[in-house]
$ cat structure_1.cif   # mmCIF, C-alpha atoms
data_run
#
loop_
_atom_site.label_atom_id
_atom_site.label_comp_id
_atom_site.auth_asym_id
_atom_site.auth_seq_id
_atom_site.Cartn_x
_atom_site.Cartn_y
_atom_site.Cartn_z
CA MET A 1 23.49 -16.61 124.82
CA SER A 2 22.65 -19.43 122.45
CA ASP A 3 19.12 -20.67 122.06
CA GLU A 4 20.19 -24.09 123.21
CA GLU A 5 21.60 -22.73 126.42
CA SER A 6 18.57 -20.62 127.24
CA GLN A 7 16.44 -23.66 126.67
CA ILE A 8 18.53 -25.72 129.11
CA ILE A 9 18.34 -22.88 131.61
CA ARG A 10 14.57 -22.74 131.36
CA LYS A 11 14.34 -26.48 131.90
CA ALA A 12 16.67 -26.29 134.88
CA GLN A 13 14.58 -23.49 136.36
CA ARG A 14 11.50 -25.66 136.12
CA GLY A 15 13.28 -28.22 138.30
CA ASP A 16 14.74 -30.54 135.68
CA ARG A 17 17.77 -31.87 137.51
CA GLN A 18 19.35 -33.41 134.45
CA ALA A 19 19.24 -30.11 132.61
CA LEU A 20 20.78 -28.38 135.61
CA ALA A 21 23.58 -30.96 135.79
CA GLN A 22 24.21 -30.45 132.10
CA LEU A 23 24.28 -26.70 132.51
CA LEU A 24 26.71 -26.88 135.41
CA GLN A 25 28.88 -29.35 133.59
CA ASN A 26 29.11 -27.01 130.61
CA HIS A 27 30.37 -24.22 132.83
CA TYR A 28 32.42 -26.25 135.29
CA SER A 29 35.76 -25.83 133.60
CA PHE A 30 35.31 -22.09 133.14
CA MET A 31 34.36 -21.69 136.75
CA TYR A 32 37.20 -23.75 138.17
CA LYS A 33 39.71 -21.86 136.08
CA TYR A 34 38.26 -18.55 137.20
CA LEU A 35 38.41 -19.53 140.85
CA LEU A 36 41.93 -20.85 140.50
CA LYS A 37 43.08 -17.48 139.20
CA LEU A 38 41.14 -15.66 141.86
CA THR A 39 42.27 -17.76 144.81
CA MET A 40 45.72 -18.81 143.60
CA ASP A 41 45.07 -21.89 145.69
CA PRO A 42 44.01 -25.11 143.91
CA ALA A 43 42.41 -26.74 146.95
CA LEU A 44 40.44 -23.64 147.84
CA ALA A 45 39.37 -23.21 144.22
CA GLU A 46 38.00 -26.74 144.32
CA ASP A 47 36.07 -26.09 147.54
CA VAL A 48 34.55 -22.86 146.32
CA THR A 49 33.61 -24.54 143.03
CA GLN A 50 31.61 -27.11 144.99
CA ASP A 51 29.95 -24.39 147.05
CA THR A 52 29.12 -22.49 143.89
CA ILE A 53 27.44 -25.52 142.34
CA VAL A 54 25.22 -25.92 145.37
CA ARG A 55 24.39 -22.23 145.50
CA CYS A 56 23.59 -22.15 141.78
CA MET A 57 21.15 -24.98 142.33
CA GLU A 58 19.44 -23.13 145.16
CA LYS A 59 19.25 -19.87 143.26
CA ILE A 60 18.65 -21.01 139.70
CA ALA A 61 15.05 -19.82 139.85
CA LEU A 62 16.28 -16.31 140.62
CA TYR A 63 18.43 -16.12 137.48
CA ASN A 64 16.62 -13.66 135.25
CA GLY A 65 18.77 -13.51 132.14
CA SER A 66 19.78 -9.88 132.67
CA SER A 67 23.40 -11.04 132.48
CA SER A 68 24.93 -14.06 130.80
CA PHE A 69 24.80 -17.29 132.73
CA SER A 70 28.56 -17.42 133.08
CA SER A 71 28.74 -13.97 134.63
CA TRP A 72 25.88 -14.91 136.93
CA MET A 73 27.94 -17.88 138.08
CA ILE A 74 31.02 -15.70 138.44
CA THR A 75 28.99 -13.38 140.65
CA ILE A 76 27.98 -16.24 142.92
CA ALA A 77 31.48 -17.74 143.01
CA THR A 78 33.11 -14.40 143.75
CA ARG A 79 30.75 -13.60 146.59
CA LEU A 80 31.18 -17.03 148.14
CA TYR A 81 34.94 -16.61 148.00
CA ILE A 82 34.78 -13.13 149.51
CA ASP A 83 32.57 -14.48 152.30
CA ARG A 84 35.10 -17.15 153.05
CA MET A 85 37.96 -14.71 153.15
CA ARG A 86 36.01 -12.40 155.40
CA ARG A 87 35.87 -15.11 158.01
CA ARG A 88 39.64 -15.46 158.02
CA SER A 89 42.23 -13.46 159.87
CA ARG A 90 44.97 -11.74 157.93
CA GLU A 91 47.60 -14.12 159.25
CA GLU A 92 45.58 -17.12 158.20
CA GLU A 93 45.06 -15.57 154.80
CA TRP A 94 48.77 -14.95 154.43
CA ILE A 95 49.70 -18.52 155.37
CA ARG A 96 47.11 -19.98 153.03
CA ARG A 97 48.28 -17.77 150.21
CA GLU A 98 51.88 -18.86 150.64
CA GLN A 99 50.80 -22.49 150.71
CA GLY A 100 48.65 -22.05 147.65
CA ILE A 101 51.28 -20.34 145.60
CA ARG A 102 53.89 -22.88 146.68
CA SER A 103 51.74 -25.79 145.56
CA ILE A 104 51.11 -24.11 142.22
CA ARG A 105 54.80 -23.47 141.80
CA TRP A 106 55.59 -27.07 142.64
CA ARG A 107 53.09 -28.22 140.05
CA PHE A 108 54.68 -25.98 137.42
CA GLU A 109 58.05 -27.54 138.10
CA ALA A 110 56.64 -31.06 138.06
CA GLN A 111 55.16 -30.45 134.63
CA GLY A 112 58.29 -28.76 133.33
CA GLU A 113 56.42 -25.50 132.79
CA GLU A 114 58.37 -22.30 133.22
CA TRP A 115 57.40 -20.34 136.34
CA SER A 116 56.20 -16.82 135.85
CA ASP A 117 56.89 -14.13 138.46
CA VAL A 118 53.71 -12.38 137.47
CA LEU A 119 51.70 -15.08 139.26
CA ASP A 120 53.65 -14.45 142.44
CA ALA A 121 53.02 -10.75 142.03
CA LEU A 122 49.32 -11.29 141.34
CA SER A 123 48.87 -13.31 144.51
CA ARG A 124 50.25 -10.38 146.51
CA VAL A 125 47.74 -7.87 145.13
CA PRO A 126 45.03 -7.34 147.77
CA LEU A 127 41.85 -9.28 147.09
CA PRO A 128 39.43 -6.48 146.12
CA GLN A 129 41.87 -5.06 143.60
CA ARG A 130 42.88 -8.50 142.36
CA ILE A 131 39.30 -9.43 141.54
CA ALA A 132 38.70 -6.21 139.62
CA LEU A 133 42.03 -6.57 137.84
CA LEU A 134 41.26 -10.11 136.71
CA LEU A 135 37.72 -9.36 135.62
CA LYS A 136 38.78 -6.30 133.67
CA HIS A 137 42.08 -7.19 132.10
CA TYR A 138 41.85 -10.93 131.75
CA TYR A 139 38.14 -11.56 131.28
CA GLY A 140 37.41 -8.24 129.62
CA TYR A 141 34.29 -7.31 131.54
CA SER A 142 33.16 -3.69 131.46
CA TYR A 143 33.36 -1.61 134.63
CA SER A 144 29.61 -1.55 134.99
CA GLU A 145 29.48 -5.34 134.76
CA ILE A 146 32.26 -5.65 137.34
CA GLY A 147 30.34 -3.24 139.54
CA ARG A 148 27.29 -5.42 139.27
CA ILE A 149 29.25 -8.59 140.00
CA LEU A 150 30.86 -7.16 143.11
CA GLY A 151 27.89 -5.07 144.19
CA ILE A 152 29.90 -1.83 144.07
CA PRO A 153 29.56 1.41 142.06
CA GLU A 154 31.08 1.54 138.59
CA GLY A 155 33.62 4.17 139.67
CA THR A 156 34.86 1.99 142.51
CA ALA A 157 35.28 -0.93 140.12
CA LYS A 158 37.30 1.31 137.83
CA SER A 159 39.61 2.60 140.53
CA ARG A 160 40.10 -0.88 141.94
CA ALA A 161 41.11 -2.30 138.57
CA ALA A 162 43.50 0.59 137.97
CA TYR A 163 44.98 0.35 141.43
CA GLY A 164 45.30 -3.41 141.13
CA LEU A 165 47.22 -3.12 137.89
CA ARG A 166 49.47 -0.48 139.38
CA GLN A 167 50.16 -2.65 142.36
CA LEU A 168 50.92 -5.62 140.15
CA ARG A 169 53.52 -3.54 138.35
CA GLU A 170 55.02 -2.40 141.63
CA GLU A 171 55.32 -5.99 142.77
CA LEU A 172 56.95 -6.97 139.52
CA LYS A 173 59.43 -4.13 139.74
CA GLU A 174 60.34 -5.15 143.27
CA ASP A 175 60.89 -8.69 142.04
CA ASP A 176 63.22 -7.40 139.35
CA GLU A 177 65.22 -5.30 141.73
CA GLY A 178 65.36 -7.70 144.63
CA MET B 1 41.18 9.89 131.96
CA THR B 2 43.22 10.93 134.97
CA LYS B 3 40.37 9.78 137.15
CA ASP B 4 41.34 6.31 136.13
CA ASN B 5 44.26 6.47 138.50
CA THR B 6 42.63 7.59 141.68
CA GLY B 7 42.91 4.39 143.63
CA PRO B 8 41.84 4.34 147.26
CA ASP B 9 45.32 4.65 148.75
CA ASN B 10 46.64 6.83 146.00
CA GLY B 11 49.45 9.13 146.98
CA ASN B 12 50.64 7.22 149.98
CA LYS B 13 52.09 4.26 148.26
CA TRP B 14 52.73 5.48 144.79
CA GLY B 15 55.52 7.74 145.80
CA GLU B 16 57.70 7.37 142.77
CA THR B 17 56.56 10.34 140.78
CA PRO B 18 54.34 12.27 143.13
CA ASP B 19 54.06 15.62 141.40
CA GLU B 20 53.59 14.43 137.90
CA ASP B 21 50.37 15.45 136.31
CA GLY B 22 48.36 15.59 133.14
CA LYS B 23 50.44 14.84 130.14
CA SER B 24 53.31 12.98 131.70
CA LYS B 25 50.92 10.81 133.63
CA ALA B 26 49.04 9.94 130.50
CA ALA B 27 52.30 9.22 128.72
CA GLU B 28 53.44 6.97 131.52
CA ASP B 29 50.12 5.25 131.43
CA HIS B 30 50.43 4.66 127.78
CA ALA B 31 53.97 3.36 127.94
CA SER B 32 53.26 1.10 130.85
CA SER B 33 49.97 -0.18 129.52
CA GLU B 34 52.11 -2.66 127.68
CA PHE B 35 54.06 -3.51 130.79
CA ALA B 36 52.82 -6.44 132.92
CA LEU B 37 49.54 -7.10 131.13
CA PRO B 38 50.80 -9.44 128.39
CA GLU B 39 52.90 -11.23 130.99
CA LEU B 40 49.88 -11.52 133.22
CA ILE B 41 47.75 -13.01 130.49
CA ALA B 42 50.49 -15.39 129.40
CA GLY B 43 51.12 -16.43 133.00
CA LEU B 44 47.44 -17.09 133.65
CA GLU B 45 47.15 -19.11 130.47
CA ARG B 46 50.07 -21.21 131.58
CA LEU B 47 48.30 -21.69 134.89
CA ASP B 48 45.23 -22.94 133.03
CA ARG B 49 47.38 -25.39 131.11
CA VAL B 50 49.09 -26.76 134.20
CA TYR B 51 45.77 -27.32 135.95
CA ALA B 52 43.89 -28.59 132.91
CA ASN B 53 43.23 -31.93 134.60
CA GLU B 54 41.53 -30.39 137.61
CA ALA B 55 39.34 -28.27 135.37
CA VAL B 56 37.82 -31.30 133.67
CA PRO B 57 34.17 -31.36 134.74
CA PRO B 58 32.85 -34.37 136.64
CA SER B 59 30.49 -36.73 134.84
CA LEU B 60 26.79 -35.93 134.58
CA GLY B 61 25.97 -38.77 136.95
CA GLU B 62 28.33 -37.44 139.60
CA LEU B 63 26.95 -33.95 139.26
CA GLN B 64 23.40 -35.19 139.51
CA ALA B 65 24.18 -37.20 142.63
CA GLN B 66 25.75 -34.09 144.11
CA LEU B 67 22.70 -32.02 143.24
CA ILE B 68 20.36 -34.55 144.81
CA ALA B 69 22.35 -34.59 148.04
CA ALA B 70 22.50 -30.81 148.09
CA SER B 71 18.79 -30.37 147.41
CA GLU B 72 17.98 -32.77 150.23
CA ARG B 73 20.14 -30.72 152.60
CA HIS B 74 18.55 -27.55 151.29
CA ARG B 75 15.04 -28.90 151.78
CA ARG B 76 15.80 -29.84 155.37
CA ARG B 77 17.30 -26.49 156.12
CA MET B 78 14.28 -24.70 154.69
CA LEU B 79 11.94 -26.86 156.73
CA ARG B 80 13.86 -26.12 159.94
CA GLU B 81 13.84 -22.43 159.16
CA TRP B 82 10.13 -22.52 158.43
CA LEU B 83 9.36 -24.24 161.72
CA LEU B 84 11.50 -21.77 163.64
CA PHE B 85 9.73 -18.91 161.91
CA TRP B 86 6.33 -20.23 162.88
CA LEU B 87 7.35 -20.84 166.45
CA ILE B 88 8.65 -17.30 166.89
CA SER B 89 5.66 -15.95 164.98
CA LEU B 90 3.15 -17.55 167.31
CA PHE B 91 4.79 -15.91 170.29
CA LEU B 92 4.99 -12.56 168.56
CA LEU B 93 1.41 -12.74 167.37
CA GLY B 94 0.22 -13.55 170.86
CA PHE B 95 2.23 -10.75 172.39
CA SER B 96 1.07 -8.16 169.90
CA LEU B 97 -2.60 -9.06 170.28
CA LEU B 98 -2.13 -8.88 174.02
CA ALA B 99 -0.33 -5.55 173.74
CA ILE B 100 -3.05 -3.99 171.58
CA THR B 101 -5.63 -4.73 174.24
CA SER B 102 -3.71 -4.09 177.42
CA ALA B 103 -0.95 -1.61 176.57
CA PRO B 104 -1.71 0.25 173.34
CA PRO B 105 0.84 3.05 173.86
CA LEU B 106 3.64 0.51 174.20
CA TYR B 107 2.39 -1.36 171.14
CA TRP B 108 2.29 1.72 168.92
CA MET B 109 5.66 2.88 170.16
CA VAL B 110 7.24 -0.42 169.20
CA GLN B 111 5.47 -0.31 165.85
CA GLY B 112 6.93 3.12 165.23
CA LEU B 113 10.42 2.06 166.21
CA ILE B 114 10.57 -0.97 163.92
CA PRO B 115 10.59 0.86 160.57
CA ILE B 116 12.99 3.44 161.97
CA ALA B 117 15.35 0.67 163.08
CA GLY B 118 15.00 -0.95 159.66
CA ILE B 119 15.88 2.27 157.87
CA ILE B 120 18.90 2.82 160.12
CA ALA B 121 20.11 -0.73 159.41
CA LEU B 122 19.59 -0.19 155.69
CA VAL B 123 21.51 3.08 155.67
CA MET B 124 24.39 1.51 157.59
CA ARG B 125 24.50 -1.36 155.15
CA LEU B 126 24.41 0.86 152.09
CA GLY B 127 27.14 3.00 153.59
CA ARG B 128 29.36 -0.01 154.10
CA LYS B 129 28.67 -1.27 150.61
CA GLY B 130 29.28 2.14 149.03
CA ARG B 131 32.71 2.37 150.56
CA GLY B 132 33.36 -1.08 149.19
CA GLU B 133 34.58 -2.47 152.48
CA TRP B 134 34.33 -6.10 153.26
CA ARG B 135 36.53 -6.45 156.23
CA MET C 1 -8.04 2.62 172.58
CA LYS C 2 -10.44 1.02 174.99
CA GLU C 3 -12.73 -0.09 172.17
CA HIS C 4 -10.21 -2.76 171.17
CA SER C 5 -11.10 -4.96 174.10
CA ASN C 6 -14.77 -4.61 173.22
CA LEU C 7 -14.25 -6.16 169.81
CA PRO C 8 -16.28 -9.32 169.28
CA LEU C 9 -14.41 -12.60 169.21
CA TRP C 10 -14.82 -13.11 165.47
CA ALA C 11 -12.97 -9.82 164.83
CA TRP C 12 -10.04 -11.04 166.87
CA VAL C 13 -9.94 -14.26 164.90
CA VAL C 14 -10.08 -12.36 161.61
CA LEU C 15 -7.27 -10.10 162.79
CA ALA C 16 -5.09 -13.05 163.84
CA VAL C 17 -5.65 -14.83 160.54
CA LEU C 18 -4.91 -11.64 158.64
CA LEU C 19 -1.64 -11.14 160.50
CA MET C 20 -0.59 -14.74 160.05
CA THR C 21 -1.29 -14.60 156.34
CA GLN C 22 0.55 -11.33 155.95
CA GLY C 23 3.59 -12.50 157.90
CA THR C 24 3.77 -15.80 156.05
CA LEU C 25 3.44 -14.21 152.62
CA LEU C 26 6.00 -11.52 153.41
CA PHE C 27 8.47 -14.08 154.76
CA ARG C 28 8.14 -16.20 151.64
CA ALA C 29 8.30 -13.29 149.22
CA ALA C 30 11.33 -11.75 150.92
CA ARG C 31 13.05 -15.13 151.14
CA ASP C 32 12.66 -15.78 147.44
CA LEU C 33 14.15 -12.39 146.68
CA GLY C 34 16.85 -12.83 149.30
CA ARG C 35 15.85 -9.68 151.18
CA TRP C 36 15.65 -9.61 154.95
CA ARG C 37 13.03 -12.35 155.27
CA TRP C 38 13.08 -12.40 159.07
CA PHE C 39 12.52 -8.68 159.36
CA TRP C 40 9.56 -8.58 156.98
CA GLY C 41 8.09 -11.88 158.12
CA LEU C 42 8.17 -11.21 161.85
CA TRP C 43 7.10 -7.61 161.58
CA GLY C 44 4.27 -8.75 159.34
CA MET C 45 3.05 -10.89 162.23
CA THR C 46 2.60 -7.93 164.53
CA THR C 47 0.72 -5.22 162.67
CA PHE C 48 -1.37 -4.52 159.60
CA PRO C 49 -1.12 -3.11 156.94
CA LEU C 50 2.05 -1.03 157.33
CA PRO C 51 4.54 -3.90 156.67
CA THR C 52 2.83 -4.80 153.40
CA ILE C 53 2.74 -1.20 152.25
CA LEU C 54 6.39 -0.61 153.10
CA TYR C 55 7.40 -3.93 151.55
CA LEU C 56 5.76 -2.92 148.29
CA LEU C 57 7.38 0.49 148.50
CA PHE C 58 10.90 -0.55 149.47
CA VAL C 59 11.30 -3.95 147.84
CA VAL C 60 8.77 -4.70 145.11
CA PHE C 61 8.76 -1.27 143.51
CA PRO C 62 12.59 -0.82 143.30
CA GLU C 63 12.93 -4.39 142.05
CA HIS C 64 10.37 -3.72 139.34
CA ARG C 65 12.16 -0.55 138.29
CA ARG C 66 15.53 -2.31 138.22
CA LYS C 67 14.12 -4.97 135.94
CA GLN C 68 12.68 -2.37 133.60
CA LYS C 69 16.07 -0.68 133.49
CA ASP C 70 17.80 -3.96 132.69
CA ILE C 71 15.39 -4.61 129.87
CA THR C 72 15.90 -1.19 128.30
CA GLU C 73 19.66 -1.57 128.68
CA GLN C 74 19.59 -4.86 126.86
CA ASP C 75 17.38 -3.33 124.24
CA LYS C 76 19.99 -0.67 123.64
CA LYS C 77 22.73 -3.28 123.34
CA ILE C 78 20.73 -5.21 120.78
CA ARG C 79 19.99 -2.13 118.71
CA LYS C 80 23.61 -1.03 118.61
#
$ encode --input "structure_1.cif" --output "structure tokens"
Amino acid sequence: MSDEESQIIRKAQRGDRQALAQLLQNHYSFMYKYLLKLTMDPALAEDVTQDTIVRCMEKIALYNGSSSFSSWMITIATRLYIDRMRRRSREEEWIRREQGIRSIRWRFEAQGEEWSDVLDALSRVPLPQRIALLLKHYYGYSYSEIGRILGIPEGTAKSRAAYGLRQLREELKEDDEG
Amino acid sequence: MTKDNTGPDNGNKWGETPDEDGKSKAAEDHASSEFALPELIAGLERLDRVYANEAVPPSLGELQAQLIAASERHRRRMLREWLLFWLISLFLLGFSLLAITSAPPLYWMVQGLIPIAGIIALVMRLGRKGRGEWR
Amino acid sequence: MKEHSNLPLWAWVVLAVLLMTQGTLLFRAARDLGRWRWFWGLWGMTTFPLPTILYLLFVVFPEHRRKQKDITEQDKKIRK
């Protein structure tokens, strides 16, 4: 963490709202992009981003520097998202996921970007495995860090990431065949 | 290394090569470690590109206004919670002082049960967390 | 247990104040750590000093140890 950032964090922790706004602005883009990949639903990603900002404000005093600020934010965002999903039924989750992926697909077409089946496949990987998969293989966190983010043992994080990757491959193979 | 592949539902779903072990598994792992991951990363980067506009952070002023509104809500919620806590506390305090004088056995029994109940709740919670369930 | 009712009034007042202080402090401390504030706070209103002792034992002490561990871990990372 840079000196400048830790200075902003300290200011924000002392209640300097401008410093906090600056800090959140610096990390906004990273967080939105993370949530978009996690949720595969642009509207939901937006909502959870807002929730995360509010929660970060409430909890900023509890941030103790034992992890980087961005992974602290990822922890908060992930838990808020999991909480939301917990409140939903499976059917609701399925419908929302289809809607989300459809709107992303539509956006790809509108911008003339080539669609990638891997995104379809990713959205079908169950949530716990998907989170671990993303954190490990896209963001490059270690298993112990993932464990800390999700509040699970290191071994569980490892098996979830492995299982998630395996499932992603299965989904891709099915896409190829079907 | 083989432990890497013991996912929770292992064996049921992954029926393709069930009795493979050791070497062949590692070989498969190695060969397929190239499969899907580069596509995944490329796909996600494309996703970032397509949604670049949404990822632009709001202005500092907007963020600050949002923080002010949120902190006001937070303050009110804390105040309500605090009042509720005091209200319940007054009743509890009254009851326990009354219980010490008039029914000590009952009082000490309840006092013994509380930590036991707490420990049971804690163990249940840890158990749920350890299995990594959230449904 | 009969002697309780023979306590002078000032002792009762001291006891009540003690319990209120304990409950309030526990509620605030547990809230700031995000750990079961209602449990600690309300229990702290009913008896003394068991809640404080158990709070120190089950919350403060593990938290302290966790922090120490984090610090040594970071130390290792830096030295690498």
$ interface_residues --input "structure_1.cif" --of "chain C" --to "chain A" --cutoff "8 Å" --atoms "all atoms listed in the file" --output "list of chain:residue names"
C:Asp32, C:Leu33, C:Asp70, C:Ile71, C:Gln74
$ write_last_selection --input "structure_1.cif" --atoms "C-alpha atoms" --output "tab-separated table (two decimals), in the coordinates of the input"
chain	number	residue	atom	x	y	z
C	32	ASP	CA	12.66	-15.78	147.44
C	33	LEU	CA	14.15	-12.39	146.68
C	70	ASP	CA	17.80	-3.96	132.69
C	71	ILE	CA	15.39	-4.61	129.87
C	74	GLN	CA	19.59	-4.86	126.86
$ closest_atom_pairs --input "structure_1.cif" --of "chain C" --to "chain B" --cutoff "10 Å" --atoms "all atoms listed in the file" --output "CSV"
residue,atom,partner,partner_atom,distance
C:Met1,CA,B:Pro104,CA,6.8
C:Lys2,CA,B:Thr101,CA,7.5
C:Glu3,CA,B:Thr101,CA,8.7
C:His4,CA,B:Thr101,CA,5.9
C:Ser5,CA,B:Thr101,CA,5.5
C:Asn6,CA,B:Thr101,CA,9.2
C:Leu7,CA,B:Thr101,CA,9.8
C:Trp12,CA,B:Leu97,CA,8.4
C:Leu15,CA,B:Leu97,CA,8.9
C:Ala16,CA,B:Leu93,CA,7.4
C:Leu19,CA,B:Leu93,CA,7.7
C:Met20,CA,B:Leu93,CA,7.8
C:Gly23,CA,B:Ser89,CA,8.1
C:Thr24,CA,B:Trp86,CA,8.5
C:Phe27,CA,B:Phe85,CA,8.7
C:Arg28,CA,B:Trp82,CA,9.5
C:Trp36,CA,B:Gly118,CA,9.9
C:Arg37,CA,B:Phe85,CA,9.9
C:Trp38,CA,B:Phe85,CA,7.9
C:Phe39,CA,B:Gly118,CA,8.1
C:Trp40,CA,B:Gly118,CA,9.7
C:Gly41,CA,B:Phe85,CA,8.2
C:Leu42,CA,B:Ser89,CA,6.2
C:Trp43,CA,B:Ile114,CA,7.8
C:Gly44,CA,B:Ser89,CA,9.3
C:Met45,CA,B:Leu93,CA,5.7
C:Thr46,CA,B:Ser96,CA,5.6
C:Thr47,CA,B:Gln111,CA,7.5
C:Leu50,CA,B:Gln111,CA,9.2
C:Pro51,CA,B:Pro115,CA,8.6
C:Leu54,CA,B:Pro115,CA,8.7
$ atom_distance --input "structure_1.cif" --atom1 "atom CA of Ser71 of chain A" --atom2 "atom CA of Ser142 of chain A"
11.6 Å
$ closest_atom_pairs --input "structure_1.cif" --of "segment 19-52 of chain A" --to "segment 82-91 of chain A" --cutoff "12 Å" --atoms "all atoms listed in the file" --output "CSV"
residue,atom,partner,partner_atom,distance
A:Leu35,CA,A:Ile82,CA,11.4
A:Leu38,CA,A:Ile82,CA,10.3
A:Thr39,CA,A:Met85,CA,9.9
A:Leu44,CA,A:Arg84,CA,9.9
A:Ala45,CA,A:Arg84,CA,11.5
A:Asp47,CA,A:Arg84,CA,10.5
A:Val48,CA,A:Arg84,CA,8.8
A:Asp51,CA,A:Arg84,CA,10.7
$ closest_residue --input "structure_1.cif" --among "B:Arg128, B:Ala42, B:Ala55, B:Ala121" --to "chain A" --atoms "only C-alpha atoms"
B:Ala55
$ resolve_selection --input "structure_1.cif" --expression "the PyMOL selection byres ((chain A) within 6 of (chain B))" --output "number ranges by chain"
A: 21, 25, 28-29, 32, 116, 118, 159, 162-163
$ atom_distance --input "structure_1.cif" --atom1 "atom CA of Lys173 of chain A" --atom2 "atom CA of Pro126 of chain A"
16.8 Å
$ atom_distance --input "structure_1.cif" --atom1 "atom CA of Tyr55 of chain C" --atom2 "atom CA of Leu25 of chain C"
11.1 Å
$ closest_residue --input "structure_1.cif" --among "A:Cys56, A:Leu122, A:Leu150, A:Trp106" --to "Gln13 of chain A" --atoms "only C-alpha atoms"
A:Cys56
$ resolve_selection --input "structure_1.cif" --expression "the PyMOL selection byres ((chain A and resi 23) around 12)" --output "mmCIF file with C-alpha atoms, in the coordinates of the input"
data_model
loop_
_atom_site.group_PDB
_atom_site.id
_atom_site.type_symbol
_atom_site.label_atom_id
_atom_site.label_comp_id
_atom_site.auth_asym_id
_atom_site.auth_seq_id
_atom_site.Cartn_x
_atom_site.Cartn_y
_atom_site.Cartn_z
ATOM 1 C CA GLU A 4 20.190 -24.090 123.210
ATOM 2 C CA GLU A 5 21.600 -22.730 126.420
ATOM 3 C CA SER A 6 18.570 -20.620 127.240
ATOM 4 C CA GLN A 7 16.440 -23.660 126.670
ATOM 5 C CA ILE A 8 18.530 -25.720 129.110
ATOM 6 C CA ILE A 9 18.340 -22.880 131.610
ATOM 7 C CA ARG A 10 14.570 -22.740 131.360
ATOM 8 C CA LYS A 11 14.340 -26.480 131.900
ATOM 9 C CA ALA A 12 16.670 -26.290 134.880
ATOM 10 C CA GLN A 13 14.580 -23.490 136.360
ATOM 11 C CA ASP A 16 14.740 -30.540 135.680
ATOM 12 C CA ARG A 17 17.770 -31.870 137.510
ATOM 13 C CA GLN A 18 19.350 -33.410 134.450
ATOM 14 C CA ALA A 19 19.240 -30.110 132.610
ATOM 15 C CA LEU A 20 20.780 -28.380 135.610
ATOM 16 C CA ALA A 21 23.580 -30.960 135.790
ATOM 17 C CA GLN A 22 24.210 -30.450 132.100
ATOM 18 C CA LEU A 24 26.710 -26.880 135.410
ATOM 19 C CA GLN A 25 28.880 -29.350 133.590
ATOM 20 C CA ASN A 26 29.110 -27.010 130.610
ATOM 21 C CA HIS A 27 30.370 -24.220 132.830
ATOM 22 C CA TYR A 28 32.420 -26.250 135.290
ATOM 23 C CA SER A 29 35.760 -25.830 133.600
ATOM 24 C CA PHE A 30 35.310 -22.090 133.140
ATOM 25 C CA ILE A 53 27.440 -25.520 142.340
ATOM 26 C CA CYS A 56 23.590 -22.150 141.780
ATOM 27 C CA MET A 57 21.150 -24.980 142.330
ATOM 28 C CA ILE A 60 18.650 -21.010 139.700
ATOM 29 C CA PHE A 69 24.800 -17.290 132.730
ATOM 30 C CA SER A 70 28.560 -17.420 133.080
ATOM 31 C CA MET A 73 27.940 -17.880 138.080
ATOM 32 C CA PRO B 57 34.170 -31.360 134.740
ATOM 33 C CA LEU B 60 26.790 -35.930 134.580
ATOM 34 C CA LEU B 63 26.950 -33.950 139.260
ATOM 35 C CA GLN B 64 23.400 -35.190 139.510
#
$ build_atoms --input "structure_1.cif" --residues "segment 27-34 of chain A" --atoms "N, CA, C and O atoms" --output "PDB file, in the frame of the given file"
ATOM      1  N   HIS A  27      29.652 -25.386 132.313  1.00  0.00           N
ATOM      2  CA  HIS A  27      30.370 -24.220 132.830  1.00  0.00           C
ATOM      3  C   HIS A  27      31.418 -24.563 133.872  1.00  0.00           C
ATOM      4  O   HIS A  27      32.082 -23.687 134.392  1.00  0.00           O
ATOM      5  N   TYR A  28      31.540 -25.836 134.191  1.00  0.00           N
ATOM      6  CA  TYR A  28      32.420 -26.250 135.290  1.00  0.00           C
ATOM      7  C   TYR A  28      33.860 -25.792 135.075  1.00  0.00           C
ATOM      8  O   TYR A  28      34.485 -25.177 135.936  1.00  0.00           O
ATOM      9  N   SER A  29      34.363 -26.106 133.902  1.00  0.00           N
ATOM     10  CA  SER A  29      35.760 -25.830 133.600  1.00  0.00           C
ATOM     11  C   SER A  29      36.048 -24.337 133.695  1.00  0.00           C
ATOM     12  O   SER A  29      37.012 -23.901 134.333  1.00  0.00           O
ATOM     13  N   PHE A  30      35.178 -23.544 133.101  1.00  0.00           N
ATOM     14  CA  PHE A  30      35.310 -22.090 133.140  1.00  0.00           C
ATOM     15  C   PHE A  30      35.353 -21.587 134.582  1.00  0.00           C
ATOM     16  O   PHE A  30      36.190 -20.766 134.954  1.00  0.00           O
ATOM     17  N   MET A  31      34.458 -22.154 135.386  1.00  0.00           N
ATOM     18  CA  MET A  31      34.360 -21.690 136.750  1.00  0.00           C
ATOM     19  C   MET A  31      35.578 -22.086 137.574  1.00  0.00           C
ATOM     20  O   MET A  31      36.096 -21.276 138.344  1.00  0.00           O
ATOM     21  N   TYR A  32      36.026 -23.327 137.410  1.00  0.00           N
ATOM     22  CA  TYR A  32      37.200 -23.750 138.170  1.00  0.00           C
ATOM     23  C   TYR A  32      38.404 -22.888 137.808  1.00  0.00           C
ATOM     24  O   TYR A  32      39.150 -22.449 138.670  1.00  0.00           O
ATOM     25  N   LYS A  33      38.566 -22.653 136.524  1.00  0.00           N
ATOM     26  CA  LYS A  33      39.710 -21.860 136.080  1.00  0.00           C
ATOM     27  C   LYS A  33      39.634 -20.433 136.629  1.00  0.00           C
ATOM     28  O   LYS A  33      40.644 -19.855 137.025  1.00  0.00           O
ATOM     29  N   TYR A  34      38.429 -19.900 136.637  1.00  0.00           N
ATOM     30  CA  TYR A  34      38.260 -18.550 137.200  1.00  0.00           C
ATOM     31  C   TYR A  34      38.638 -18.541 138.675  1.00  0.00           C
ATOM     32  O   TYR A  34      39.395 -17.684 139.121  1.00  0.00           O
TER      33      TYR A  34
END
